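Participant: Quick one: structure below, then a few questions.
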Amino acid sequence: MILTRIKAILWLHTLRLWRYRWSFLNLVLAEAAWVFLFVLGALLFVPKEYLGLAVKSAFWVIVAWNVISECSSLIGAWMNFFISIGMIEEHILRNISPFKVILGRVVTSFSVIFVTLFFISAILNGVFETNVWSINDPYLLTLSFIALALQGLAYGVTIAAISVRTSVPHNMLEIINFAVIGLLMIPLEKVPSLLAIPFLCIPYVASAHLAKVGASGAQSYMLLEALVISLAETVIMLAIAAYMIKKSEEWIRRNGVRAVGFF
Amino acid sequence: MGLKTLLKSGFTLEIYFYKNNRAAFLAMFLWPYLMLTLILGMGHLFGSPSAFRQNVRMDVDPVVYYVASTLIAMSALSVMWGVGGSILWYKWSGTLPYMLLSPNRMSTTLVFSFIPRYMLGVLIQLAEFAPLIMLIEGVSNGLVKIGILALAATVGMIPLLGFSALFASFLITIEEETNVLSWLNPLILLFSGAFYPAYLLPYWARLISQILPTTYTVELARLAAIVGAPPLAPITFFIGVLLGIALVYNSLAYLLVGYGEKKAMEKGAI
């Protein structure tokens, strides 16, 4: 029964992805064009001899940011649509958690992330004659991206759970997403040593630091600390998400959906 | 319904939009500075202002350079969404038939109801950036540079209105609900040299950039970033080019939006 339900949820999102294929391509093209536009602007500050290295660093920061922002916007913000078409009640009546359906959006979000990044990397490799895929430590990079993806998912589901009880300002979420990229860019070595640990404790920062080390072979500064904080943060964020889901489901069963969602 | 009514309706719509959507109003203040901080922050982390001056081959202040870029990018996006993209919103909300049945021509309604909204938006952004510009350039020089930015945003709007109305006519005729403008807009900004000068783009891209009105608006606004007093000759040159392009695009829009409207009504594509 559980497997059938999981299969149904995954089938739903795969089918929707196929039916909305033009919107999917539209989103990929838009994301890639915006990223390219900003990266070009920032690279104007880089002397020609360091361009290859800077492009590579910028690319992996963008990858990390993309994972985080797509998880919150494509998974979390989908709750708005789900509430508006009355699907929460439908699923609860059939004893299926609406949050499991929301989680199925990983199919959509990771498809967007992968296609967008391959597209962006192809553009950057072509224009700047570099190879952004030459990785220093693939294991560390994979680990960091698993942590980032899980943190992003936990954040997406947490805001989805909040949005069935109260309104979530969509504009503010976008601004938070945008501000995160600034935090991810700051090299840990440039942070005063006294503030390094508190800085690493900001969600996503430790995992992004691991990704930078794994991708471009940046200084292995505070690697162990970043690893421990990243794993602890992932576990805490997942626990918060599970708790919020449980509480929201109990709340919906008692009070019904407030149908507020995102605005 | 006269033009005055259209202007008034656009202004009232914008005021009530801000009044009823305070998060969007606040976001409007934050976005320009977020864009600016992102580019300048990334630039300073990966390189230096001296490398920037070398790469753009001009003696400019990078902060004012990107203030000009951000202002024009935001206002160009506002025109392209507000005029070109509005057709899709009217289509989705079911108000497009009412727009088509209104006494004025579609292009007139789209353009004139948008002008006050645009001017209000530009005014707010200029006021937002004014303290930063005056901090860098000093009060008197800063005021001159703010004047150039205001001039670029105002004159640059004229051809862009026609250009966006052409998109509106395209969107009204195609039976496609996908919002193609979401990826076309950043591409237009890219070819216009919004954050990376058009003259540094490859030859084929420069050809595209020459037919885009935003290219000249961006170039005009960036004259504000030149260290010292801005030269008068290029200012008058870019104003001349923009007015010439405005004539072409607005005449085309006047003809083609009417045609698109007729086609859509014949096919029932509304």
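Chain lettering (A, B, ...) mirrors the order of the structure tokens, residue numbering begins at 1 for each chain separately, and ligand numbering begins at 1 in order of display.
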Kindly provide the residues of chain B that approach chain A to within 6 Å, each paired with its closest atom pair and their distance in Å to one decimal, based on only C-alpha atoms, listed by chain and increasing number, as a Markdown table.
Facilitator:
```
| residue | atom | partner | partner_atom | distance |
| --- | --- | --- | --- | --- |
| B:Ile39 | CA | A:Ala42 | CA | 5.2 |
| B:Met42 | CA | A:Ala42 | CA | 5.5 |
| B:Gly43 | CA | A:Ala42 | CA | 4.3 |
| B:Gly47 | CA | A:Val46 | CA | 4.2 |
| B:Ser48 | CA | A:Phe45 | CA | 5.3 |
| B:Ala51 | CA | A:Pro47 | CA | 5.3 |
| B:Phe52 | CA | A:Phe45 | CA | 4.2 |
| B:Thr178 | CA | A:Ser23 | CA | 5.9 |
| B:Ser182 | CA | A:Ala30 | CA | 5.8 |
| B:Trp183 | CA | A:Ala30 | CA | 3.9 |
| B:Pro186 | CA | A:Ala33 | CA | 5.7 |
| B:Leu190 | CA | A:Leu37 | CA | 5.9 |
| B:Phe195 | CA | A:Gly41 | CA | 4.7 |
| B:Tyr196 | CA | A:Gly41 | CA | 5.1 |
```
Participant: For the selection you just gave me, I'd like the residues written to a file as a short mmCIF file (atom, residue, chain, number, x, y, z; two decimals), in the first residue's frame, keeping C-alpha atoms.
Facilitator:
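The resulting file, selection03.cif, is reproduced below:
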```cif
data_model
loop_
_atom_site.label_atom_id
_atom_site.label_comp_id
_atom_site.auth_asym_id
_atom_site.auth_seq_id
_atom_site.Cartn_x
_atom_site.Cartn_y
_atom_site.Cartn_z
CA ILE B 39 26.70 42.28 -8.28
CA MET B 42 30.34 39.24 -6.06
CA GLY B 43 32.56 41.62 -8.03
CA GLY B 47 38.09 40.90 -8.29
CA SER B 48 38.70 44.63 -7.81
CA ALA B 51 40.24 45.51 -12.89
CA PHE B 52 36.67 46.65 -13.53
CA THR B 178 3.30 29.97 -21.41
CA SER B 182 10.00 35.40 -18.34
CA TRP B 183 13.03 34.22 -20.34
CA PRO B 186 16.57 38.65 -19.13
CA LEU B 190 21.67 40.71 -21.60
CA PHE B 195 25.10 44.49 -16.51
CA TYR B 196 27.83 43.76 -19.06
#
```
Participant: Which neighbours of B:Ser251 fall inside 12 Å, counting only C-alpha atoms, when residues of the same chain fewer than 2 positions from it are skipped, and could you give them as an mmCIF file with all heavy atoms, in the first residue's frame?
Facilitator:
```cif
data_model
loop_
_atom_site.group_PDB
_atom_site.id
_atom_site.type_symbol
_atom_site.label_atom_id
_atom_site.label_comp_id
_atom_site.auth_asym_id
_atom_site.auth_seq_id
_atom_site.Cartn_x
_atom_site.Cartn_y
_atom_site.Cartn_z
ATOM 1 N N SER B 107 -3.793 49.242 -27.734
ATOM 2 C CA SER B 107 -2.446 49.782 -27.519
ATOM 3 C C SER B 107 -2.508 51.061 -26.687
ATOM 4 O O SER B 107 -1.682 51.295 -25.811
ATOM 5 C CB SER B 107 -1.740 50.035 -28.852
ATOM 6 O OG SER B 107 -2.543 50.842 -29.661
ATOM 7 N N ILE B 158 9.993 55.926 -23.833
ATOM 8 C CA ILE B 158 9.152 56.189 -25.014
ATOM 9 C C ILE B 158 9.277 55.068 -26.073
ATOM 10 O O ILE B 158 8.279 54.491 -26.476
ATOM 11 C CB ILE B 158 9.439 57.600 -25.605
ATOM 12 C CG1 ILE B 158 9.306 58.646 -24.493
ATOM 13 C CG2 ILE B 158 8.484 57.912 -26.739
ATOM 14 C CD1 ILE B 158 9.826 60.029 -24.861
ATOM 15 N N PRO B 159 10.515 54.720 -26.514
ATOM 16 C CA PRO B 159 10.569 53.609 -27.485
ATOM 17 C C PRO B 159 10.210 52.263 -26.875
ATOM 18 O O PRO B 159 9.656 51.400 -27.547
ATOM 19 C CB PRO B 159 12.030 53.615 -27.953
ATOM 20 C CG PRO B 159 12.791 54.312 -26.902
ATOM 21 C CD PRO B 159 11.852 55.275 -26.271
ATOM 22 N N LEU B 161 7.955 51.596 -24.727
ATOM 23 C CA LEU B 161 6.504 51.393 -24.675
ATOM 24 C C LEU B 161 6.021 50.749 -25.980
ATOM 25 O O LEU B 161 5.264 49.784 -25.973
ATOM 26 C CB LEU B 161 5.785 52.732 -24.465
ATOM 27 C CG LEU B 161 5.833 53.314 -23.050
ATOM 28 C CD1 LEU B 161 5.270 54.722 -23.030
ATOM 29 C CD2 LEU B 161 5.060 52.447 -22.077
ATOM 30 N N GLY B 162 6.511 51.282 -27.103
ATOM 31 C CA GLY B 162 6.143 50.718 -28.413
ATOM 32 C C GLY B 162 6.682 49.315 -28.571
ATOM 33 O O GLY B 162 5.991 48.406 -29.042
ATOM 34 N N PHE B 163 7.931 49.131 -28.151
ATOM 35 C CA PHE B 163 8.601 47.821 -28.249
ATOM 36 C C PHE B 163 7.810 46.773 -27.447
ATOM 37 O O PHE B 163 7.558 45.660 -27.916
ATOM 38 C CB PHE B 163 10.010 47.980 -27.671
ATOM 39 C CG PHE B 163 10.871 46.751 -27.764
ATOM 40 C CD1 PHE B 163 11.391 46.341 -28.975
ATOM 41 C CD2 PHE B 163 11.170 46.024 -26.625
ATOM 42 C CE1 PHE B 163 12.202 45.216 -29.048
ATOM 43 C CE2 PHE B 163 11.970 44.898 -26.688
ATOM 44 C CZ PHE B 163 12.492 44.488 -27.913
ATOM 45 N N ALA B 165 4.653 47.012 -26.545
ATOM 46 C CA ALA B 165 3.319 46.835 -27.149
ATOM 47 C C ALA B 165 3.390 45.832 -28.294
ATOM 48 O O ALA B 165 2.425 45.105 -28.556
ATOM 49 C CB ALA B 165 2.778 48.172 -27.618
ATOM 50 N N LEU B 166 4.549 45.778 -28.975
ATOM 51 C CA LEU B 166 4.740 44.777 -30.044
ATOM 52 C C LEU B 166 4.687 43.363 -29.450
ATOM 53 O O LEU B 166 4.122 42.451 -30.043
ATOM 54 C CB LEU B 166 6.077 44.985 -30.758
ATOM 55 C CG LEU B 166 6.144 46.148 -31.740
ATOM 56 C CD1 LEU B 166 7.550 46.289 -32.296
ATOM 57 C CD2 LEU B 166 5.168 45.932 -32.886
ATOM 58 N N GLY B 244 14.376 58.706 -32.297
ATOM 59 C CA GLY B 244 14.234 58.122 -33.630
ATOM 60 C C GLY B 244 13.663 56.707 -33.538
ATOM 61 O O GLY B 244 12.708 56.350 -34.248
ATOM 62 N N ILE B 245 14.230 55.915 -32.656
ATOM 63 C CA ILE B 245 13.749 54.532 -32.480
ATOM 64 C C ILE B 245 12.306 54.530 -31.972
ATOM 65 O O ILE B 245 11.490 53.692 -32.357
ATOM 66 C CB ILE B 245 14.661 53.765 -31.484
ATOM 67 C CG1 ILE B 245 16.041 53.562 -32.087
ATOM 68 C CG2 ILE B 245 14.081 52.402 -31.150
ATOM 69 C CD1 ILE B 245 16.990 52.811 -31.177
ATOM 70 N N ALA B 246 12.004 55.511 -31.111
ATOM 71 C CA ALA B 246 10.642 55.601 -30.559
ATOM 72 C C ALA B 246 9.620 55.767 -31.679
ATOM 73 O O ALA B 246 8.557 55.142 -31.668
ATOM 74 C CB ALA B 246 10.559 56.779 -29.599
ATOM 75 N N LEU B 247 9.978 56.588 -32.669
ATOM 76 C CA LEU B 247 9.076 56.828 -33.794
ATOM 77 C C LEU B 247 8.791 55.515 -34.523
ATOM 78 O O LEU B 247 7.652 55.187 -34.842
ATOM 79 C CB LEU B 247 9.724 57.855 -34.732
ATOM 80 C CG LEU B 247 8.821 58.444 -35.807
ATOM 81 C CD1 LEU B 247 7.787 59.359 -35.176
ATOM 82 C CD2 LEU B 247 9.651 59.209 -36.839
ATOM 83 N N VAL B 248 9.850 54.749 -34.779
ATOM 84 C CA VAL B 248 9.713 53.485 -35.513
ATOM 85 C C VAL B 248 8.871 52.482 -34.708
ATOM 86 O O VAL B 248 7.876 51.953 -35.203
ATOM 87 C CB VAL B 248 11.120 52.883 -35.818
ATOM 88 C CG1 VAL B 248 10.985 51.511 -36.488
ATOM 89 C CG2 VAL B 248 11.931 53.830 -36.675
ATOM 90 N N TYR B 249 9.265 52.233 -33.453
ATOM 91 C CA TYR B 249 8.575 51.205 -32.665
ATOM 92 C C TYR B 249 7.133 51.575 -32.347
ATOM 93 O O TYR B 249 6.244 50.716 -32.382
ATOM 94 C CB TYR B 249 9.336 50.916 -31.363
ATOM 95 C CG TYR B 249 10.474 49.959 -31.562
ATOM 96 C CD1 TYR B 249 11.778 50.321 -31.250
ATOM 97 C CD2 TYR B 249 10.261 48.687 -32.082
ATOM 98 C CE1 TYR B 249 12.845 49.450 -31.449
ATOM 99 C CE2 TYR B 249 11.307 47.811 -32.289
ATOM 100 C CZ TYR B 249 12.595 48.193 -31.969
ATOM 101 O OH TYR B 249 13.626 47.332 -32.168
ATOM 102 N N ALA B 253 3.910 49.547 -33.459
ATOM 103 C CA ALA B 253 3.008 49.034 -32.417
ATOM 104 C C ALA B 253 1.573 49.473 -32.697
ATOM 105 O O ALA B 253 0.643 48.678 -32.561
ATOM 106 C CB ALA B 253 3.458 49.537 -31.050
ATOM 107 N N TYR B 254 1.410 50.733 -33.111
ATOM 108 C CA TYR B 254 0.078 51.250 -33.384
ATOM 109 C C TYR B 254 -0.618 50.412 -34.459
ATOM 110 O O TYR B 254 -1.793 50.087 -34.367
ATOM 111 C CB TYR B 254 0.173 52.720 -33.822
ATOM 112 C CG TYR B 254 -1.166 53.421 -33.844
ATOM 113 C CD1 TYR B 254 -1.796 53.768 -32.649
ATOM 114 C CD2 TYR B 254 -1.811 53.698 -35.043
ATOM 115 C CE1 TYR B 254 -3.033 54.392 -32.654
ATOM 116 C CE2 TYR B 254 -3.049 54.318 -35.060
ATOM 117 C CZ TYR B 254 -3.649 54.665 -33.870
ATOM 118 O OH TYR B 254 -4.881 55.269 -33.880
ATOM 119 N N LEU B 255 0.170 50.022 -35.490
ATOM 120 C CA LEU B 255 -0.395 49.228 -36.581
ATOM 121 C C LEU B 255 -0.621 47.775 -36.157
ATOM 122 O O LEU B 255 -1.679 47.205 -36.372
ATOM 123 C CB LEU B 255 0.547 49.257 -37.798
ATOM 124 C CG LEU B 255 0.720 50.591 -38.502
ATOM 125 C CD1 LEU B 255 1.836 50.502 -39.527
ATOM 126 C CD2 LEU B 255 -0.588 50.991 -39.171
ATOM 127 N N LEU B 256 0.416 47.177 -35.522
ATOM 128 C CA LEU B 256 0.373 45.737 -35.272
ATOM 129 C C LEU B 256 -0.520 45.313 -34.107
ATOM 130 O O LEU B 256 -1.084 44.228 -34.132
ATOM 131 C CB LEU B 256 1.788 45.183 -35.072
ATOM 132 C CG LEU B 256 2.626 45.177 -36.358
ATOM 133 C CD1 LEU B 256 4.027 44.671 -36.077
ATOM 134 C CD2 LEU B 256 1.977 44.316 -37.436
ATOM 135 N N VAL B 257 -0.650 46.171 -33.079
ATOM 136 C CA VAL B 257 -1.525 45.780 -31.962
ATOM 137 C C VAL B 257 -2.970 45.707 -32.457
ATOM 138 O O VAL B 257 -3.711 44.775 -32.127
ATOM 139 C CB VAL B 257 -1.384 46.726 -30.754
ATOM 140 C CG1 VAL B 257 -2.376 46.380 -29.651
ATOM 141 C CG2 VAL B 257 0.026 46.644 -30.188
ATOM 142 N N GLY B 258 -3.350 46.647 -33.303
ATOM 143 C CA GLY B 258 -4.694 46.639 -33.885
ATOM 144 C C GLY B 258 -4.912 45.381 -34.699
ATOM 145 O O GLY B 258 -5.957 44.722 -34.603
#
```
Participant: Restricting the calculation to only C-alpha atoms: of B:Val83, B:Leu252, B:Leu26, B:Ala127, which residue gets closest to B:Leu149?
Facilitator: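 Nearest to B:Leu149: B:Ala127.
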Participant: Tell me which of B:Ala153, B:Val111, B:Leu71, B:Val63 sits closest to B:Glu137, counting only C-alpha atoms.
Facilitator: B:Val63
Participant: List the spatial neighbours of stretch 65-77 of chain A as a compact mmCIF listing (two decimals) with N, CA, C and O atoms, in the first residue's frame - criterion: any atom at most 10 Å away, only C-alpha atoms, same-chain residues fewer than 6 positions off excluded.
Facilitator:
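Saved result, out.txt, follows:
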```txt
# COMPACT_ATOMS: atom_id res chain seq x y z
N GLU A 31 15.83 30.99 -15.66
CA GLU A 31 16.81 30.87 -14.57
C GLU A 31 18.22 31.05 -15.12
O GLU A 31 19.04 31.80 -14.57
N VAL A 35 20.88 34.09 -14.22
CA VAL A 35 22.17 33.77 -13.59
C VAL A 35 23.32 34.28 -14.46
O VAL A 35 24.25 34.93 -13.97
N PHE A 59 30.27 29.57 -10.28
CA PHE A 59 29.34 28.52 -10.72
C PHE A 59 28.90 27.64 -9.55
O PHE A 59 27.71 27.38 -9.38
N PHE A 99 1.41 16.55 2.78
CA PHE A 99 2.83 16.92 2.76
C PHE A 99 3.67 15.89 1.99
O PHE A 99 4.71 16.23 1.43
N VAL A 101 2.53 14.48 -0.69
CA VAL A 101 2.30 14.88 -2.09
C VAL A 101 3.20 16.08 -2.41
O VAL A 101 3.79 16.14 -3.49
N ILE A 102 3.29 17.00 -1.46
CA ILE A 102 4.14 18.17 -1.67
C ILE A 102 5.60 17.73 -1.84
O ILE A 102 6.32 18.24 -2.69
N LEU A 103 6.01 16.75 -1.01
CA LEU A 103 7.39 16.26 -1.10
C LEU A 103 7.69 15.64 -2.47
O LEU A 103 8.83 15.65 -2.92
N GLY A 104 6.65 15.11 -3.11
CA GLY A 104 6.83 14.54 -4.46
C GLY A 104 7.32 15.56 -5.46
O GLY A 104 7.81 15.21 -6.54
N ARG A 105 7.22 16.85 -5.10
CA ARG A 105 7.71 17.91 -6.00
C ARG A 105 9.22 17.87 -6.18
O ARG A 105 9.77 18.66 -6.94
N VAL A 106 9.88 16.97 -5.45
CA VAL A 106 11.34 16.83 -5.68
C VAL A 106 11.59 16.45 -7.13
O VAL A 106 12.62 16.83 -7.71
N VAL A 107 10.63 15.72 -7.72
CA VAL A 107 10.77 15.33 -9.14
C VAL A 107 10.91 16.60 -9.99
O VAL A 107 11.83 16.73 -10.81
N THR A 108 10.00 17.56 -9.76
CA THR A 108 10.01 18.80 -10.53
C THR A 108 11.24 19.65 -10.19
O THR A 108 11.96 20.08 -11.09
N SER A 109 11.45 19.85 -8.89
CA SER A 109 12.52 20.78 -8.53
C SER A 109 13.89 20.26 -8.95
O SER A 109 14.69 21.03 -9.50
N PHE A 110 14.14 18.97 -8.77
CA PHE A 110 15.47 18.47 -9.17
C PHE A 110 15.62 18.40 -10.69
O PHE A 110 16.73 18.53 -11.19
N VAL A 112 14.37 20.66 -12.69
CA VAL A 112 14.69 22.06 -13.03
C VAL A 112 16.16 22.35 -12.67
O VAL A 112 16.91 22.91 -13.47
N ILE A 113 16.56 21.91 -11.46
CA ILE A 113 17.93 22.19 -11.00
C ILE A 113 18.95 21.56 -11.97
O ILE A 113 19.86 22.24 -12.45
N PHE A 114 18.78 20.27 -12.28
CA PHE A 114 19.77 19.60 -13.12
C PHE A 114 19.85 20.21 -14.53
O PHE A 114 20.94 20.51 -15.01
N THR A 116 18.86 23.16 -15.57
CA THR A 116 19.35 24.55 -15.53
C THR A 116 20.87 24.57 -15.37
O THR A 116 21.57 25.32 -16.07
N LEU A 117 21.38 23.73 -14.47
CA LEU A 117 22.82 23.77 -14.21
C LEU A 117 23.65 23.26 -15.38
O LEU A 117 24.70 23.82 -15.69
N PHE A 145 26.34 18.48 -1.23
CA PHE A 145 25.09 18.73 -1.96
C PHE A 145 23.93 17.90 -1.44
O PHE A 145 22.78 18.34 -1.49
N ILE A 146 24.23 16.71 -0.89
CA ILE A 146 23.16 15.93 -0.25
C ILE A 146 22.65 16.72 0.96
O ILE A 146 21.44 16.88 1.16
N LEU A 148 22.89 19.99 1.46
CA LEU A 148 22.18 21.19 0.99
C LEU A 148 20.78 20.85 0.51
O LEU A 148 19.81 21.57 0.81
N ALA A 149 20.67 19.74 -0.25
CA ALA A 149 19.36 19.34 -0.78
C ALA A 149 18.40 18.99 0.36
O ALA A 149 17.23 19.40 0.34
N LEU A 150 18.91 18.26 1.36
CA LEU A 150 18.04 17.89 2.49
C LEU A 150 17.62 19.12 3.29
O LEU A 150 16.48 19.24 3.71
N GLN A 151 18.57 20.06 3.47
CA GLN A 151 18.23 21.30 4.20
C GLN A 151 17.20 22.11 3.41
O GLN A 151 16.25 22.64 3.99
N GLY A 152 17.40 22.19 2.10
CA GLY A 152 16.46 22.91 1.23
C GLY A 152 15.08 22.28 1.29
O GLY A 152 14.06 22.98 1.40
N LEU A 153 15.03 20.95 1.22
CA LEU A 153 13.75 20.23 1.29
C LEU A 153 13.06 20.49 2.63
O LEU A 153 11.86 20.75 2.68
N ALA A 154 13.85 20.40 3.71
CA ALA A 154 13.30 20.62 5.05
C ALA A 154 12.71 22.03 5.15
O ALA A 154 11.60 22.22 5.67
N TYR A 155 13.43 23.02 4.61
CA TYR A 155 12.95 24.41 4.64
C TYR A 155 11.66 24.55 3.82
O TYR A 155 10.69 25.16 4.27
N GLY A 156 11.67 23.95 2.60
CA GLY A 156 10.50 24.01 1.73
C GLY A 156 9.27 23.43 2.39
O GLY A 156 8.19 24.03 2.37
N VAL A 157 9.42 22.26 3.00
CA VAL A 157 8.28 21.59 3.65
C VAL A 157 7.85 22.36 4.90
O VAL A 157 6.65 22.47 5.18
N THR A 158 8.81 22.92 5.63
CA THR A 158 8.46 23.69 6.83
C THR A 158 7.60 24.90 6.47
O THR A 158 6.56 25.13 7.10
N ILE A 159 8.00 25.64 5.42
CA ILE A 159 7.19 26.82 5.07
C ILE A 159 5.84 26.39 4.48
O ILE A 159 4.84 27.07 4.67
N ALA A 160 5.81 25.21 3.82
CA ALA A 160 4.53 24.70 3.31
C ALA A 160 3.61 24.39 4.49
O ALA A 160 2.40 24.67 4.45
N ALA A 161 4.19 23.80 5.56
CA ALA A 161 3.40 23.46 6.75
C ALA A 161 2.89 24.72 7.44
O ALA A 161 1.74 24.77 7.88
N ILE A 162 3.72 25.75 7.47
CA ILE A 162 3.30 27.01 8.11
C ILE A 162 2.15 27.63 7.30
O ILE A 162 1.20 28.18 7.86
N SER A 163 2.25 27.50 5.97
CA SER A 163 1.29 28.20 5.11
C SER A 163 -0.13 27.62 5.16
O SER A 163 -1.04 28.22 4.60
N VAL A 168 1.91 33.31 4.30
CA VAL A 168 3.36 33.47 4.14
C VAL A 168 3.59 34.46 3.01
O VAL A 168 3.16 34.23 1.88
N HIS A 170 5.05 35.76 -0.01
CA HIS A 170 5.91 35.17 -1.03
C HIS A 170 7.09 36.07 -1.39
O HIS A 170 8.21 35.61 -1.59
N LEU A 173 9.88 35.68 1.00
CA LEU A 173 10.62 34.43 0.79
C LEU A 173 11.63 34.60 -0.34
O LEU A 173 12.76 34.12 -0.25
N GLU A 174 11.20 35.29 -1.39
CA GLU A 174 12.11 35.51 -2.53
C GLU A 174 13.30 36.36 -2.10
O GLU A 174 14.43 36.11 -2.51
N ILE A 176 14.52 36.56 0.95
CA ILE A 176 15.40 35.73 1.79
C ILE A 176 16.27 34.84 0.90
O ILE A 176 17.48 34.72 1.10
N ASN A 177 15.65 34.23 -0.12
CA ASN A 177 16.41 33.39 -1.06
C ASN A 177 17.55 34.16 -1.70
O ASN A 177 18.65 33.66 -1.88
N PHE A 178 17.23 35.40 -2.08
CA PHE A 178 18.22 36.23 -2.76
C PHE A 178 19.35 36.62 -1.81
O PHE A 178 20.51 36.68 -2.20
N VAL A 180 20.39 34.87 0.66
CA VAL A 180 21.20 33.68 0.97
C VAL A 180 22.42 33.60 0.06
O VAL A 180 23.51 33.25 0.50
N ILE A 181 22.25 33.97 -1.21
CA ILE A 181 23.38 33.86 -2.15
C ILE A 181 24.55 34.74 -1.69
O ILE A 181 25.72 34.37 -1.84
N GLY A 182 24.21 35.89 -1.07
CA GLY A 182 25.25 36.77 -0.53
C GLY A 182 26.04 36.07 0.57
O GLY A 182 27.27 36.12 0.61
N LEU A 183 25.31 35.38 1.45
CA LEU A 183 25.96 34.65 2.55
C LEU A 183 26.85 33.52 2.02
O LEU A 183 27.94 33.27 2.53
N LEU A 184 26.35 32.84 0.97
CA LEU A 184 27.10 31.70 0.43
C LEU A 184 28.41 32.14 -0.23
O LEU A 184 29.37 31.38 -0.28
N MET A 185 28.42 33.37 -0.72
CA MET A 185 29.61 33.84 -1.45
C MET A 185 30.78 34.18 -0.54
O MET A 185 31.93 34.10 -0.92
N TYR A 204 22.78 26.50 5.83
CA TYR A 204 23.35 26.36 4.48
C TYR A 204 24.84 26.76 4.38
O TYR A 204 25.54 26.30 3.49
N ALA A 208 27.66 24.88 2.19
CA ALA A 208 28.18 25.59 1.01
C ALA A 208 29.70 25.71 1.09
O ALA A 208 30.39 25.64 0.06
N GLY A 261 -2.14 30.18 2.59
CA GLY A 261 -1.00 29.87 1.73
C GLY A 261 -0.05 31.04 1.55
O GLY A 261 0.23 31.79 2.49
N PHE A 262 0.41 31.21 0.34
CA PHE A 262 1.37 32.27 0.04
C PHE A 262 0.65 33.40 -0.66
O PHE A 262 -0.31 33.19 -1.35
N PHE A 263 1.09 34.61 -0.45
CA PHE A 263 0.52 35.71 -1.23
C PHE A 263 1.62 36.64 -1.67
O PHE A 263 2.73 36.59 -1.14
```
Participant: What does the distance from atom CA of B:Ala221 to atom CA of B:Ala68 come to in Å, to one decimal?
Facilitator: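 Straight-line distance from atom CA of B:Ala221 to atom CA of B:Ala68 works out to 5.5 Å.
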Participant: Find the residues near B:Pro230: any atom within 12 Å, counting only C-alpha atoms, skip ones fewer than 2 places away on the same chain, and give them as a list in words.
Facilitator: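 Non-adjacent residues within range: Asp59, Val60, Asn141, Gly142, Leu143, Val144, Lys145, Ile146, Gly147, Ile148, Leu149, Leu220, Ala221, Arg222, Leu223, Ala224, Ala225, Ile226, Val227, Gly228, Leu232, Ala233, Pro234, Ile235 and Thr236 of chain B.
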Participant: Between atom CA of B:Leu132 and atom CA of B:Ala73, what distance in Å does the model show, to one decimal?
Facilitator: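 Here the two named atoms are 17.9 Å from each other.
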Participant: A:Ala226: which residues within 7 Å, counting only C-alpha atoms, same-chain residues fewer than 3 positions away excluded, as a list in words?
Facilitator: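 The contact residues come out as Leu200, Ala206, Ser207, Leu210, Met222, Leu223, Ile229 and Ser230 of chain A.
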Participant: Go ahead and write the selection's residues with C-alpha atoms as an mmCIF file, in the first residue's frame.
Facilitator:
```cif
data_model
loop_
_atom_site.group_PDB
_atom_site.id
_atom_site.type_symbol
_atom_site.label_atom_id
_atom_site.label_comp_id
_atom_site.auth_asym_id
_atom_site.auth_seq_id
_atom_site.Cartn_x
_atom_site.Cartn_y
_atom_site.Cartn_z
ATOM 1 C CA LEU A 200 29.084 28.493 9.933
ATOM 2 C CA ALA A 206 28.610 25.184 6.430
ATOM 3 C CA SER A 207 27.405 22.914 3.602
ATOM 4 C CA LEU A 210 32.200 22.177 2.033
ATOM 5 C CA MET A 222 37.824 24.577 9.349
ATOM 6 C CA LEU A 223 36.806 21.531 7.326
ATOM 7 C CA ILE A 229 27.898 21.687 11.788
ATOM 8 C CA SER A 230 26.548 20.778 8.352
#
```
Participant: I want to know what sits within 10 Å of B:Gly121, based on only C-alpha atoms, with residues of the same chain fewer than 6 positions away left out; could you give that as a ChimeraX atom specification?
Facilitator: /B:14,28-29,74-75,78,115,127
